[in-house]
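K.L.:
Structure below; questions to follow.
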Amino acid sequence: MALTGDCSVVSRILKCVNFAATKHKDQRRKDPEKTPYVNHSIGVAYILTEEANVTDVDVIEAALLHDTVEDTETTFTEIENEFGAVVRKLVEEVTDDKTKPKQERKRLQIVHASTTSPGAKLIKLADKLYNLRDLERSVPEGWTIQRVEEYFQWAQKVVQGLRGTNIYIEQTLDDIFKRRGLL
């Protein structure tokens, strides 16, 4: 389903934007500007649509919703009731289990990267690209330079398992990794 000229598609996407904005309304990024958190979700969807030419509406919706279950009181059932089973499945694939310790969640992202669906891989790639661009722009409050470097190294390992999904995003990520001396 293409985005161009289809009002029902625009309505679906705006419903997701509104849902994500409502769910993340009190959250802020850790950048010095304390950017509204929902900007991240919108930015991930924007990378997919405008930079990577993704037109799969389910993937775009899931990108907009990718952190709602992980970072708010939203449930997978709520996602499915509002946006359907396909979007729920994609959100499930990219959601960390917050009951696990942080290091375990990070390890599992590396392990599971290669086994996720193509749609989930697209979301993960765009998410990593957005976060790495953000880290290049500014260091989050409370982060040391070492923590930033460790994030870049970890992200590179996650991206390794996502390769073969979208050449544009992968090349853009590789440019970032090269600037950091990781490639």
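Convention: chains lettered A, B, ... in structure tokens order; per-chain residue numbering from 1; ligands numbered from 1 as shown.
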List every residue of segment 47-101 of chain A that DSSP, applied to the backbone, labels as alpha helix (DSSP H), and write the result as a PyMOL selection string.
P.N.:
chain A and resi 57-65+68-71+76-83+85-94
K.L.:
For Asp26 of chain A, please output as a list in words all residues within 10 Å (counting only C-alpha atoms; exclusion window: fewer than 6 positions along the same chain).
P.N.:
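So the residues in contact are Pro36, Tyr37, Val38 and Thr72 of chain A.
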K.L.:
Separation of atom CA of Lys15 of chain A and atom CA of Ile42 of chain A, in Å?
P.N.:
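Going from atom CA of Lys15 of chain A over to atom CA of Ile42 of chain A covers 12.4 Å.
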K.L.:
Figure out the distance between atom CA of Leu129 of chain A and atom CA of Arg88 of chain A, please, to one decimal in Å.
P.N.:
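Separation between atom CA of Arg88 of chain A and atom CA of Leu129 of chain A: 22.4 Å.
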K.L.:
When you look at Tyr168 of chain A with a cut-off of 12 Å (counting only C-alpha atoms), what residues show up, excluding the ones that are within fewer than 5 positions of it in the same chain? I need them as a list of chain:residue names.
P.N.:
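Counting only C-alpha atoms, the residues come to A:Ile47, A:Leu48, A:Thr49, A:Glu50, A:Glu51, A:Ala52, A:Asn53, A:Val54, A:Leu122, A:Leu125, A:Ala126, A:Leu129, A:Arg163, A:Leu173, A:Asp174, A:Asp175.
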K.L.:
Residues near Gly164 of chain A, anyone? I mean within 12 Å using only C-alpha atoms, not counting same-chain ones fewer than 6 positions away, as a tab-separated table (two decimals) with all heavy atoms, in the first residue's frame.
P.N.:
chain	number	residue	atom	x	y	z
A	113	ALA	N	18.89	-10.15	16.48
A	113	ALA	CA	18.84	-9.26	15.31
A	113	ALA	C	18.66	-10.03	14.01
A	113	ALA	O	17.81	-9.68	13.18
A	113	ALA	CB	20.08	-8.38	15.26
A	114	SER	N	19.42	-11.08	13.82
A	114	SER	CA	19.40	-11.79	12.54
A	114	SER	C	18.15	-12.65	12.35
A	114	SER	O	17.85	-13.07	11.23
A	114	SER	CB	20.64	-12.67	12.39
A	114	SER	OG	20.64	-13.66	13.38
A	117	SER	N	11.93	-10.49	11.68
A	117	SER	CA	11.31	-10.34	10.36
A	117	SER	C	11.93	-9.15	9.62
A	117	SER	O	12.54	-8.26	10.24
A	117	SER	CB	9.81	-10.11	10.51
A	117	SER	OG	9.57	-8.83	11.06
A	118	PRO	N	11.79	-9.12	8.30
A	118	PRO	CA	12.31	-7.97	7.53
A	118	PRO	C	11.76	-6.63	8.02
A	118	PRO	O	12.50	-5.65	8.10
A	118	PRO	CB	11.87	-8.27	6.10
A	118	PRO	CG	11.77	-9.76	6.04
A	118	PRO	CD	11.26	-10.16	7.41
A	121	LYS	N	13.48	-5.70	11.23
A	121	LYS	CA	14.85	-5.30	10.94
A	121	LYS	C	14.91	-3.86	10.43
A	121	LYS	O	15.80	-3.09	10.82
A	121	LYS	CB	15.48	-6.24	9.91
A	121	LYS	CG	15.83	-7.60	10.48
A	121	LYS	CD	16.44	-8.51	9.42
A	121	LYS	CE	16.76	-9.86	10.02
A	121	LYS	NZ	17.37	-10.77	9.06
A	122	LEU	N	13.96	-3.49	9.59
A	122	LEU	CA	13.91	-2.10	9.11
A	122	LEU	C	13.75	-1.12	10.27
A	122	LEU	O	14.44	-0.10	10.34
A	122	LEU	CB	12.75	-1.92	8.12
A	122	LEU	CG	12.95	-2.44	6.71
A	122	LEU	CD1	11.63	-2.45	5.96
A	122	LEU	CD2	13.99	-1.60	5.97
A	125	LEU	N	16.98	-0.96	12.29
A	125	LEU	CA	18.01	-0.18	11.58
A	125	LEU	C	17.74	1.32	11.69
A	125	LEU	O	18.65	2.10	12.00
A	125	LEU	CB	18.07	-0.59	10.11
A	125	LEU	CG	18.79	-1.88	9.77
A	125	LEU	CD1	18.52	-2.28	8.32
A	125	LEU	CD2	20.29	-1.76	10.02
A	170	GLU	N	21.93	0.92	5.84
A	170	GLU	CA	23.17	0.24	6.21
A	170	GLU	C	24.40	1.05	5.79
A	170	GLU	O	25.36	1.17	6.56
A	170	GLU	CB	23.20	-1.16	5.61
A	170	GLU	CG	22.16	-2.08	6.24
A	170	GLU	CD	21.92	-3.35	5.46
A	170	GLU	OE1	22.89	-3.92	4.90
A	170	GLU	OE2	20.75	-3.80	5.40
A	171	GLN	N	24.37	1.64	4.60
A	171	GLN	CA	25.50	2.47	4.16
A	171	GLN	C	25.62	3.72	5.02
A	171	GLN	O	26.73	4.15	5.36
A	171	GLN	CB	25.36	2.84	2.69
A	171	GLN	CG	25.63	1.68	1.76
A	171	GLN	CD	25.41	2.02	0.30
A	171	GLN	OE1	24.76	3.00	-0.06
A	171	GLN	NE2	25.95	1.18	-0.57
K.L.:
Mind giving me the straight-line distance from atom CA of Val57 of chain A to atom CA of Val91 of chain A in Å, one decimal?
P.N.:
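Here the two named atoms are 13.3 Å from each other.
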K.L.:
Can you pull out every residue within 9 Å of Val69 of chain A, counting only C-alpha atoms, but drop anything in the same chain fewer than 4 positions away, and send it as a PyMOL selection string?
P.N.:
chain A and resi 65+73-76+79+91-92+95-96
K.L.:
Tell me which protein, DNA and RNA residues are within 12 Å of Leu135 of chain A, counting only C-alpha atoms, leaving out same-chain ones fewer than 2 positions away, and put them as a count of residues only.
P.N.:
27
K.L.:
Go through A:Glu61, A:Glu33, A:Asp56, A:Glu136 and flag the residue nearest Val87 of chain A, using only C-alpha atoms for the distances.
P.N.:
A:Glu61
K.L.:
Of the residues A:Phe83, A:Gly119, A:Asp134, A:Arg179, which is the one nearest to Asn166 of chain A, using only C-alpha atoms?
P.N.:
A:Gly119
